[in-house]
Every structure is written in structure tokens, then in C-alpha cells.
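K.L.:
Mind having a look at this structure? Questions to follow.
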Amino acid sequence: MISRFLQWTVLALTIGFLIGPFFIIVAAGLSAGESLAFPPQGLSLRWVIKVFQIDSFRDSFLLSMGLAIFGTLAALILGVPIAYALARYKLPFGETLRTIVSAPIIVPGIIVGLALLRYLVVPLNVEVVAALFAAHTALILPYAVRVVSASLSNLRSDIEEAAVLLGASRLGAFFRVVLPNIKSGILAAFILGFVTSFNQVPVSLFLSGPGVRTLPIDMISYLETTYDPSVAALSALLAFLSIAIVFVAERFLGFSRYV
Amino acid sequence: MFENKFVGMALVLPGVLFAALVFLLPVGYLLAEGFQSADGWSFSPYIEFFSSERNRTVFLRTLKLGAMVTVVSTIIGYAAAWSIVSLKPTSRGRLIGLVILPLMISPVARTYAWIVILGRTGIVNQALMTIGLSDEPIRFLFTETAVFIGLLQLFLPLMILSLSSAMENMPADAVAAARVLGANPLQVFWKVILPLTREGLVIGGTLVFTGSLTAFITPAILGGSKVLMLETLLYQRVTVANDIASASVIAMILIVMSFCANQLLKRVATARGAK
């Protein structure tokens, strides 16, 4: 009895600590008052509406969406063949290759951003958007390889061999047998990559310029000058967006198996 | 059938070349700059970096906060994971969902919430003044405590998830058997639960420790320029002073520490496993 009580107390406190701040952000974003406060001074949607009227938020939202979608797609186009080759072929230096591809996970993003700025963007005069795109792709690549590898390891190679024996080409066997079977793994990798890219700050920090900013960076610089609840409202909107995406993914894919 | 190594290499090559070009080369160049001085190769940027007391303070603070967050999240993590695992499967799933939820929310939003909570007019200060524990607002923001709390909230889910999945894989009757044989709760923890969840602890610990060392947003927003950590110091050195040598040294420190944390924890795991 006592242990049961203790158990629920522990859980309530922990979950409260983890989720509580999120409710506070939502409440503060719905405040009618002029400045950031909790409890909110009356409820209204004025700050939610204001979020949609701030041009820079719209631009940076679109940039972040674009980076997250196309960066993740590029990472999958590079990553799926890697995961496949590592699973099916005995490659010379296989482990080294895996390490090279997954290294961006170990190296703090801010260092990647600074290094790219100094040795690629400035000397080669690369467009900021292109540099951001490359950086986000490199950041997501390890996740793509890992998640797709995990789902490939559940797939036996004999069904593929059977397809080849029955006359399919290797490429045909991949597209008609392997790909459909790892579809949910690929979708899980896409969602994980999307969320990682969309929420990520340090990689973009040095690469964002005055005109070209990702949304989180834009939010931080807005915070530096203004103390109104619009960032709270925006945070709440984004949070609901991510939760919706993850909920749908979990519902249809069993997403958490891959994370 | 899968003998053709050339096909395999051809599949791997584009991604590896991309990672090398966009990642390995630039980062390698940056690290190399830390070993340069006016007259060729040297350690002088390192000596200069560590001879500044301010830099040493930031370095030690980063280590200290990383260690504290790891230790506290381990303690809370065991309690929470144990409670979650002993639930019925359906409620277990829901609670895991609640633990994962904050991971999906932008770290900017999560950190920003603490400003509302810990600020001068935040809930904590309002509560303290209402009950009369304090006459004036206490400054929580821009203190190590605020950064600690922010980091803990950011990384605790990773620890809980690693520990609870390790506990789910524990042999079902191990704890009951130990109890029947007369072990007290502390003995059960040390002799049964800890060894059996070692791998989860190693994974969780590595994620939390390296995550805390390399966090940027949390110290930037909750610590400001008062409580610099290595990442915020790096950012400040580059943007304020264009001091690439310091940035390179910090980059090396962070990479080496992340790597060592990985290796050390791996070794602890195998050493205890061998016994």
C-alpha cells in the first residue's frame, strides 16, 4: 500500500516536472496581458493571431519546414543505400564507414556550424540556404542510417534472394521486395529526422544570416528584444504540431519501436 | 549473391563522400587551427586557453553541471522507471508516451517555459512572496541552478527511457527471488537491479552527460553571459572577439570529452559484466 502510494507520487512529480512547463507555455501564450506571465491575465487569442502577422516568423517557418523536409529526404536518399549495403554486403572498412557517417552525432552541432561557415561558406561563397541544407542533411544522415538499419535487420535476406532466383533483377528485388518491407522504418526515420531538423538550433546558429534564419533561431533573437507572449504562443503552436505528427505516426506505424 | 563488393561500395560512397566533405574536412580544419601559432605547429592556443582563469571556471562548471545532471537524472530515473515498469502494460505505454512527449517539443520552448516559472515575476517568486517566505523576488534566472533545472528537464526523459527499457528486459522473477531469499530493498537494488540494468544506465548516462556538456540553448537562455558553459563560451569567443583559436580548443575539449564519456562508460559496463 505504502509502496503503491510512493510509486504514484514519484510518477506524478516526475511527469509534472517534465510536462508542467509545457502547460505553462500554453497558458502564457493564451494570455490577454501585455507581457509574459503565469497565471495569464485573462484568456485571448491575440498573441496566437499576432504570431501569424509577424513576417519574419512566417519566412523562418517556411525555411525550417523546407530544410526539415528536403534535408530529411536527402539524408534518406544517401542513408538508405548505406544502411542496405552495410546490412547485406561484407564491405572492407565497413565499421570505419559507419563511424564516418555517424560521427555528426558525437560532434556538437555548434562546431559543425562554425566549421562549415569558415571553411565552406566563406571561402567558396556558398549560398546560406545551400549551406544550411547541407548541414541539416549531414545532421540527419546518422539517424536515417540507424533507423533504417534497425528495420533492415528485422528483414531476412532470403525473401530477396528468392525474388532474384525467380527472375527479378537485384534492383527490381530491392524496389519490389525490400522497400515495401522497410516502408514503416523509412517513415519513422523521416519523422525523427524532420523533428530533429526542425527543432535544432546549434547547427544553424552560425549559418543563419540576418535575412535567412531558421525558426528556432528567429524565436531566440525575438526573445532578446521583446518580452511579449507571442513566442509562448508560437511555442505552443509548434508543440501541438509536433505532438500531432508524432501521435499520427505512432498510431499508424508504431513509431516508438524505432526510436 | 551479395559478393559484389563494388556494388556495396557504390551504394555507400555518395553518403560517405558527402559526410567527409560537409563534416569531416571542415571540422578537421577547425580542430587543426587549435595547434597553430604564428610560427607553425604548437600547443600555444591550448596553453593560452587554460591560463585564463575565466576559461578554467567555464570548463570546470561545464563538467560539474554535466556530472550533477547525470547523477540526479540517474536517481530520479531509477525511481521513475521502476514505477513505470511495475504498471499494467496499457498504463505503462501511456506513461512512456508522456515521457517521450517533451522530447518532441522544441528545446527553445521548453527552456523558455522556465523563464515564466523562475523569472522575477514568475510563479515560484509569486508563491514565495505570497506565503511570506521572501519579501522580494529572488533571482533564479542567470544562475547555475536555473541552468541545472533546465538541463535536467531536457535530458531526464532519455535516462528514464533507457532505464525502463532495461528494466523491461530484466528476468521477471529476479527481484522477487532476491526478496524471498531475504535481501533488503537496498541489497535488491545493488545486487540485482543495478547489474541487470547496467547497459541501460550506460546508454542513458552517456546520452545525458554528453547532452548536458554540449547543450547550447539552455545555458544561452537560462544562464546568459553570467553562467557561461563551454558551448556558450565558444559562441561568444567567435561572435564577440572572432577568436578562432579559443573556439578550436573548446571544440577539441567537447569532442574529446564526449568521446571519453562514451569509452569510459563502455569500459565500466564490460568490466562489471566480466565479474
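In the C-alpha cells, each chain is lettered A, B, ... as it comes, each chain's residues begin at 1, and ligands are numbered from 1 in order of appearance.
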Each residue of chain B with at least one atom at most 8 Å from chain A should appear once, together with its nearest atom pair and the corresponding distance in Å (one decimal); atoms considered: only C-alpha atoms; ordering: chain, then increasing residue number; output as JSON lines.

P.N.:
{"residue": "B:Met1", "atom": "CA", "partner": "A:Glu161", "partner_atom": "CA", "distance": 7.8}
{"residue": "B:Phe2", "atom": "CA", "partner": "A:Tyr89", "partner_atom": "CA", "distance": 5.6}
{"residue": "B:Glu3", "atom": "CA", "partner": "A:Tyr89", "partner_atom": "CA", "distance": 6.8}
{"residue": "B:Asn4", "atom": "CA", "partner": "A:Tyr89", "partner_atom": "CA", "distance": 7.7}
{"residue": "B:Lys5", "atom": "CA", "partner": "A:Leu91", "partner_atom": "CA", "distance": 6.3}
{"residue": "B:Gly8", "atom": "CA", "partner": "A:Ala85", "partner_atom": "CA", "distance": 5.1}
{"residue": "B:Met9", "atom": "CA", "partner": "A:Leu91", "partner_atom": "CA", "distance": 7.0}
{"residue": "B:Leu11", "atom": "CA", "partner": "A:Pro81", "partner_atom": "CA", "distance": 5.1}
{"residue": "B:Val12", "atom": "CA", "partner": "A:Ile82", "partner_atom": "CA", "distance": 4.6}
{"residue": "B:Pro14", "atom": "CA", "partner": "A:Leu78", "partner_atom": "CA", "distance": 6.5}
{"residue": "B:Gly15", "atom": "CA", "partner": "A:Leu78", "partner_atom": "CA", "distance": 4.9}
{"residue": "B:Val16", "atom": "CA", "partner": "A:Val101", "partner_atom": "CA", "distance": 6.0}
{"residue": "B:Phe18", "atom": "CA", "partner": "A:Ala138", "partner_atom": "CA", "distance": 7.7}
{"residue": "B:Ala19", "atom": "CA", "partner": "A:Val101", "partner_atom": "CA", "distance": 6.0}
{"residue": "B:Ala20", "atom": "CA", "partner": "A:Ile100", "partner_atom": "CA", "distance": 7.3}
{"residue": "B:Val22", "atom": "CA", "partner": "A:Ala134", "partner_atom": "CA", "distance": 6.8}
{"residue": "B:Phe23", "atom": "CA", "partner": "A:Val112", "partner_atom": "CA", "distance": 6.7}
{"residue": "B:Leu24", "atom": "CA", "partner": "A:Ile100", "partner_atom": "CA", "distance": 7.8}
{"residue": "B:Pro26", "atom": "CA", "partner": "A:Ala115", "partner_atom": "CA", "distance": 5.0}
{"residue": "B:Val27", "atom": "CA", "partner": "A:Ala115", "partner_atom": "CA", "distance": 5.3}
{"residue": "B:Tyr29", "atom": "CA", "partner": "A:Ala115", "partner_atom": "CA", "distance": 7.5}
{"residue": "B:Leu30", "atom": "CA", "partner": "A:Ala115", "partner_atom": "CA", "distance": 5.8}
{"residue": "B:Ile76", "atom": "CA", "partner": "A:Thr14", "partner_atom": "CA", "distance": 7.7}
{"residue": "B:Ala79", "atom": "CA", "partner": "A:Val10", "partner_atom": "CA", "distance": 6.8}
{"residue": "B:Ala80", "atom": "CA", "partner": "A:Leu11", "partner_atom": "CA", "distance": 5.8}
{"residue": "B:Ser83", "atom": "CA", "partner": "A:Gln7", "partner_atom": "CA", "distance": 5.3}
{"residue": "B:Ile84", "atom": "CA", "partner": "A:Leu11", "partner_atom": "CA", "distance": 7.5}
{"residue": "B:Leu98", "atom": "CA", "partner": "A:Ile15", "partner_atom": "CA", "distance": 7.1}
{"residue": "B:Val99", "atom": "CA", "partner": "A:Ile15", "partner_atom": "CA", "distance": 6.9}
{"residue": "B:Leu101", "atom": "CA", "partner": "A:Ile243", "partner_atom": "CA", "distance": 7.1}
{"residue": "B:Pro102", "atom": "CA", "partner": "A:Ile19", "partner_atom": "CA", "distance": 6.5}
{"residue": "B:Met104", "atom": "CA", "partner": "A:Ser242", "partner_atom": "CA", "distance": 6.0}
{"residue": "B:Ile105", "atom": "CA", "partner": "A:Ala239", "partner_atom": "CA", "distance": 5.0}
{"residue": "B:Ser106", "atom": "CA", "partner": "A:Asn199", "partner_atom": "CA", "distance": 5.0}
{"residue": "B:Pro107", "atom": "CA", "partner": "A:Asn199", "partner_atom": "CA", "distance": 6.9}
{"residue": "B:Val108", "atom": "CA", "partner": "A:Pro216", "partner_atom": "CA", "distance": 6.6}
{"residue": "B:Ala109", "atom": "CA", "partner": "A:Ser235", "partner_atom": "CA", "distance": 5.2}
{"residue": "B:Arg110", "atom": "CA", "partner": "A:Phe22", "partner_atom": "CA", "distance": 6.6}
{"residue": "B:Tyr112", "atom": "CA", "partner": "A:Ala232", "partner_atom": "CA", "distance": 7.9}
{"residue": "B:Ala113", "atom": "CA", "partner": "A:Pro21", "partner_atom": "CA", "distance": 5.3}
{"residue": "B:Trp114", "atom": "CA", "partner": "A:Pro21", "partner_atom": "CA", "distance": 6.8}
{"residue": "B:Val116", "atom": "CA", "partner": "A:Ala37", "partner_atom": "CA", "distance": 6.3}
{"residue": "B:Ile117", "atom": "CA", "partner": "A:Phe38", "partner_atom": "CA", "distance": 7.7}
{"residue": "B:Thr121", "atom": "CA", "partner": "A:Ala37", "partner_atom": "CA", "distance": 7.5}
{"residue": "B:Gly122", "atom": "CA", "partner": "A:Phe38", "partner_atom": "CA", "distance": 6.8}
{"residue": "B:Ile123", "atom": "CA", "partner": "A:Phe38", "partner_atom": "CA", "distance": 6.5}
{"residue": "B:Gln153", "atom": "CA", "partner": "A:Leu18", "partner_atom": "CA", "distance": 5.8}
{"residue": "B:Pro157", "atom": "CA", "partner": "A:Leu18", "partner_atom": "CA", "distance": 7.9}
{"residue": "B:Thr214", "atom": "CA", "partner": "A:Pro108", "partner_atom": "CA", "distance": 5.9}
{"residue": "B:Phe216", "atom": "CA", "partner": "A:Pro202", "partner_atom": "CA", "distance": 6.6}
{"residue": "B:Ile217", "atom": "CA", "partner": "A:Val201", "partner_atom": "CA", "distance": 7.4}
{"residue": "B:Glu231", "atom": "CA", "partner": "A:Ile110", "partner_atom": "CA", "distance": 7.5}
{"residue": "B:Tyr235", "atom": "CA", "partner": "A:Ile110", "partner_atom": "CA", "distance": 8.0}
{"residue": "B:Ala251", "atom": "CA", "partner": "A:Ile111", "partner_atom": "CA", "distance": 6.2}
{"residue": "B:Leu254", "atom": "CA", "partner": "A:Pro108", "partner_atom": "CA", "distance": 7.5}
{"residue": "B:Ile255", "atom": "CA", "partner": "A:Val107", "partner_atom": "CA", "distance": 5.8}
{"residue": "B:Ser258", "atom": "CA", "partner": "A:Ile106", "partner_atom": "CA", "distance": 6.7}
{"residue": "B:Phe259", "atom": "CA", "partner": "A:Ile106", "partner_atom": "CA", "distance": 7.4}

K.L.:
Pull C-alpha atoms from the residues just selected and write them as a PDB file, in the first residue's frame.

P.N.:
ATOM      1  CA  MET B   1      24.817 -13.401 -54.066  1.00  0.00           C
ATOM      2  CA  PHE B   2      25.981 -10.469 -52.053  1.00  0.00           C
ATOM      3  CA  GLU B   3      29.557 -10.943 -53.068  1.00  0.00           C
ATOM      4  CA  ASN B   4      29.916  -7.967 -55.337  1.00  0.00           C
ATOM      5  CA  LYS B   5      31.786  -5.526 -53.154  1.00  0.00           C
ATOM      6  CA  GLY B   8      28.236  -2.338 -51.994  1.00  0.00           C
ATOM      7  CA  MET B   9      30.893   0.358 -52.125  1.00  0.00           C
ATOM      8  CA  LEU B  11      25.950   2.298 -52.528  1.00  0.00           C
ATOM      9  CA  VAL B  12      27.920   3.610 -49.572  1.00  0.00           C
ATOM     10  CA  PRO B  14      27.848   9.020 -52.053  1.00  0.00           C
ATOM     11  CA  GLY B  15      26.835   9.301 -48.400  1.00  0.00           C
ATOM     12  CA  VAL B  16      30.367   8.838 -47.116  1.00  0.00           C
ATOM     13  CA  PHE B  18      29.054  13.816 -48.522  1.00  0.00           C
ATOM     14  CA  ALA B  19      29.782  13.321 -44.807  1.00  0.00           C
ATOM     15  CA  ALA B  20      33.503  13.727 -45.455  1.00  0.00           C
ATOM     16  CA  VAL B  22      30.394  18.624 -45.311  1.00  0.00           C
ATOM     17  CA  PHE B  23      31.521  17.322 -41.979  1.00  0.00           C
ATOM     18  CA  LEU B  24      34.895  15.630 -41.518  1.00  0.00           C
ATOM     19  CA  PRO B  26      35.637  21.311 -42.120  1.00  0.00           C
ATOM     20  CA  VAL B  27      35.645  20.027 -38.549  1.00  0.00           C
ATOM     21  CA  TYR B  29      40.354  22.011 -40.297  1.00  0.00           C
ATOM     22  CA  LEU B  30      38.787  23.754 -37.326  1.00  0.00           C
ATOM     23  CA  ILE B  76      15.113  10.155 -10.436  1.00  0.00           C
ATOM     24  CA  ALA B  79      12.666   5.704  -9.222  1.00  0.00           C
ATOM     25  CA  ALA B  80      10.519   6.738 -12.184  1.00  0.00           C
ATOM     26  CA  SER B  83       7.376   2.846 -11.023  1.00  0.00           C
ATOM     27  CA  ILE B  84       6.571   2.805 -14.726  1.00  0.00           C
ATOM     28  CA  LEU B  98       4.167  11.225 -21.544  1.00  0.00           C
ATOM     29  CA  VAL B  99       7.912  10.833 -21.013  1.00  0.00           C
ATOM     30  CA  LEU B 101       6.253  13.948 -25.288  1.00  0.00           C
ATOM     31  CA  PRO B 102       8.664  16.663 -24.123  1.00  0.00           C
ATOM     32  CA  MET B 104       9.159  16.316 -29.363  1.00  0.00           C
ATOM     33  CA  ILE B 105       8.779  19.888 -28.164  1.00  0.00           C
ATOM     34  CA  SER B 106      11.300  22.456 -29.325  1.00  0.00           C
ATOM     35  CA  PRO B 107      14.080  22.932 -26.765  1.00  0.00           C
ATOM     36  CA  VAL B 108      13.593  26.672 -27.212  1.00  0.00           C
ATOM     37  CA  ALA B 109      10.011  26.350 -25.988  1.00  0.00           C
ATOM     38  CA  ARG B 110      10.942  24.034 -23.159  1.00  0.00           C
ATOM     39  CA  TYR B 112      11.655  29.395 -22.393  1.00  0.00           C
ATOM     40  CA  ALA B 113       8.984  27.979 -20.076  1.00  0.00           C
ATOM     41  CA  TRP B 114      11.486  28.144 -17.234  1.00  0.00           C
ATOM     42  CA  VAL B 116       7.989  32.101 -16.965  1.00  0.00           C
ATOM     43  CA  ILE B 117       8.465  29.861 -13.951  1.00  0.00           C
ATOM     44  CA  THR B 121       7.573  37.777 -11.532  1.00  0.00           C
ATOM     45  CA  GLY B 122       7.423  34.037 -12.165  1.00  0.00           C
ATOM     46  CA  ILE B 123       5.291  31.505 -10.344  1.00  0.00           C
ATOM     47  CA  GLN B 153      14.243  18.639 -17.722  1.00  0.00           C
ATOM     48  CA  PRO B 157      13.449  11.614 -20.459  1.00  0.00           C
ATOM     49  CA  THR B 214      27.124  20.130 -25.423  1.00  0.00           C
ATOM     50  CA  PHE B 216      23.583  25.311 -26.159  1.00  0.00           C
ATOM     51  CA  ILE B 217      20.084  26.761 -25.861  1.00  0.00           C
ATOM     52  CA  GLU B 231      29.282  25.966 -25.882  1.00  0.00           C
ATOM     53  CA  TYR B 235      29.802  31.153 -29.401  1.00  0.00           C
ATOM     54  CA  ALA B 251      35.698  22.238 -29.931  1.00  0.00           C
ATOM     55  CA  LEU B 254      33.982  18.957 -26.220  1.00  0.00           C
ATOM     56  CA  ILE B 255      34.722  16.267 -28.773  1.00  0.00           C
ATOM     57  CA  SER B 258      32.086  13.223 -25.452  1.00  0.00           C
ATOM     58  CA  PHE B 259      34.357  10.511 -26.797  1.00  0.00           C
TER      59      PHE B 259
END

K.L.:
Tell me, as a list in words, which residues lie within 12 Å of A:Ile54, counting only C-alpha atoms; anything in the same chain fewer than 4 positions away does not count.

P.N.:
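Surrounding residues, per the criterion: Trp47, Val48, Ile49, Lys50, Arg58, Asp59, Ser60, Phe61, Asp218, Met219, Tyr222, Ser230, Val231 and Leu234 of chain A.
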
K.L.:
Restricting the output to all heavy atoms, write the selected residues as a short mmCIF file (atom, residue, chain, number, x, y, z; two decimals), in the first residue's frame.

P.N.:
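Full text of selection.cif as output:
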data_model
loop_
_atom_site.label_atom_id
_atom_site.label_comp_id
_atom_site.auth_asym_id
_atom_site.auth_seq_id
_atom_site.Cartn_x
_atom_site.Cartn_y
_atom_site.Cartn_z
N TRP A 47 -2.29 36.84 -29.04
CA TRP A 47 -0.88 36.57 -29.33
C TRP A 47 -0.73 35.46 -30.36
O TRP A 47 0.22 35.46 -31.14
CB TRP A 47 -0.11 36.25 -28.05
CG TRP A 47 -0.15 37.41 -27.11
CD1 TRP A 47 -0.84 37.51 -25.94
CD2 TRP A 47 0.48 38.68 -27.31
NE1 TRP A 47 -0.68 38.76 -25.39
CE2 TRP A 47 0.14 39.50 -26.21
CE3 TRP A 47 1.29 39.21 -28.31
CZ2 TRP A 47 0.58 40.81 -26.09
CZ3 TRP A 47 1.74 40.52 -28.19
CH2 TRP A 47 1.39 41.31 -27.08
N VAL A 48 -1.70 34.53 -30.34
CA VAL A 48 -1.68 33.50 -31.38
C VAL A 48 -1.87 34.15 -32.75
O VAL A 48 -1.19 33.81 -33.72
CB VAL A 48 -2.79 32.45 -31.12
CG1 VAL A 48 -2.81 31.39 -32.21
CG2 VAL A 48 -2.60 31.80 -29.76
N ILE A 49 -2.81 35.12 -32.80
CA ILE A 49 -3.05 35.81 -34.07
C ILE A 49 -1.83 36.63 -34.46
O ILE A 49 -1.41 36.65 -35.61
CB ILE A 49 -4.32 36.70 -33.96
CG1 ILE A 49 -5.54 35.79 -33.78
CG2 ILE A 49 -4.48 37.58 -35.19
CD1 ILE A 49 -6.76 36.48 -33.24
N LYS A 50 -1.22 37.26 -33.46
CA LYS A 50 -0.04 38.09 -33.76
C LYS A 50 1.09 37.26 -34.38
O LYS A 50 1.79 37.73 -35.28
CB LYS A 50 0.45 38.77 -32.48
CG LYS A 50 1.77 39.48 -32.65
CD LYS A 50 1.84 40.81 -31.96
CE LYS A 50 3.10 41.56 -32.37
NZ LYS A 50 4.09 41.63 -31.31
N ARG A 58 6.93 33.98 -40.35
CA ARG A 58 6.42 33.22 -41.49
C ARG A 58 7.58 32.76 -42.37
O ARG A 58 7.66 31.60 -42.75
CB ARG A 58 5.43 34.08 -42.28
CG ARG A 58 4.55 33.25 -43.18
CD ARG A 58 3.41 34.06 -43.75
NE ARG A 58 3.88 35.35 -44.26
CZ ARG A 58 3.26 36.50 -44.02
NH1 ARG A 58 2.19 36.55 -43.27
NH2 ARG A 58 3.73 37.61 -44.52
N ASP A 59 8.50 33.68 -42.66
CA ASP A 59 9.63 33.32 -43.52
C ASP A 59 10.48 32.22 -42.89
O ASP A 59 10.86 31.26 -43.55
CB ASP A 59 10.52 34.55 -43.77
CG ASP A 59 9.78 35.60 -44.55
OD1 ASP A 59 8.72 35.27 -45.13
OD2 ASP A 59 10.23 36.77 -44.56
N SER A 60 10.79 32.38 -41.60
CA SER A 60 11.67 31.40 -40.98
C SER A 60 10.95 30.06 -40.80
O SER A 60 11.58 29.01 -40.88
CB SER A 60 12.23 31.91 -39.66
OG SER A 60 11.19 32.27 -38.79
N PHE A 61 9.63 30.11 -40.59
CA PHE A 61 8.86 28.86 -40.51
C PHE A 61 8.97 28.11 -41.83
O PHE A 61 9.25 26.90 -41.85
CB PHE A 61 7.39 29.15 -40.19
CG PHE A 61 6.51 27.94 -40.22
CD1 PHE A 61 6.51 27.04 -39.17
CD2 PHE A 61 5.68 27.68 -41.31
CE1 PHE A 61 5.70 25.91 -39.19
CE2 PHE A 61 4.87 26.56 -41.35
CZ PHE A 61 4.88 25.68 -40.30
N ASP A 218 15.19 32.38 -35.07
CA ASP A 218 14.38 33.59 -35.14
C ASP A 218 13.66 33.82 -33.80
O ASP A 218 13.56 34.94 -33.31
CB ASP A 218 13.35 33.42 -36.27
CG ASP A 218 12.89 34.76 -36.80
OD1 ASP A 218 13.63 35.75 -36.64
OD2 ASP A 218 11.79 34.82 -37.38
N MET A 219 13.18 32.74 -33.20
CA MET A 219 12.50 32.85 -31.90
C MET A 219 13.46 33.38 -30.84
O MET A 219 13.12 34.25 -30.05
CB MET A 219 11.94 31.50 -31.47
CG MET A 219 10.70 31.07 -32.25
SD MET A 219 10.38 29.31 -32.12
CE MET A 219 9.67 29.20 -30.49
N TYR A 222 14.11 37.02 -31.39
CA TYR A 222 12.93 37.80 -31.00
C TYR A 222 12.88 37.96 -29.48
O TYR A 222 12.57 39.03 -28.97
CB TYR A 222 11.66 37.09 -31.50
CG TYR A 222 10.39 37.89 -31.34
CD1 TYR A 222 9.99 38.80 -32.31
CD2 TYR A 222 9.58 37.74 -30.21
CE1 TYR A 222 8.83 39.53 -32.17
CE2 TYR A 222 8.41 38.46 -30.06
CZ TYR A 222 8.03 39.35 -31.04
OH TYR A 222 6.88 40.09 -30.89
N SER A 230 4.15 36.43 -27.53
CA SER A 230 3.98 35.81 -28.84
C SER A 230 4.88 34.58 -29.02
O SER A 230 4.47 33.63 -29.69
CB SER A 230 4.21 36.82 -29.97
OG SER A 230 5.43 37.46 -29.80
N VAL A 231 6.08 34.60 -28.44
CA VAL A 231 6.92 33.41 -28.57
C VAL A 231 6.31 32.22 -27.81
O VAL A 231 6.38 31.08 -28.26
CB VAL A 231 8.36 33.68 -28.09
CG1 VAL A 231 9.16 32.38 -28.03
CG2 VAL A 231 9.05 34.63 -29.05
N LEU A 234 3.66 30.94 -30.09
CA LEU A 234 4.29 30.21 -31.19
C LEU A 234 4.81 28.85 -30.71
O LEU A 234 4.61 27.82 -31.37
CB LEU A 234 5.42 31.05 -31.78
CG LEU A 234 6.24 30.43 -32.90
CD1 LEU A 234 5.35 29.98 -34.04
CD2 LEU A 234 7.26 31.43 -33.41
#

K.L.:
If you count only C-alpha atoms, which residues fall within 12 Å of B:Phe50, apart from same-chain ones fewer than 4 positions away, as a PyMOL selection string?

P.N.:
chain B and resi 43-46+54-60+246+249-250+253

K.L.:
Find the residues near A:Gly33: any atom within 10 Å, counting only C-alpha atoms, skip ones fewer than 3 places away on the same chain, and give them as a PyMOL selection string.

P.N.:
chain A and resi 28-30+36-37+40-44+46-47+228-229

K.L.:
Between atom CA of B:Ala174 and atom CA of B:Thr206, measure the distance and give it in Å to one decimal.

P.N.:
26.2 Å
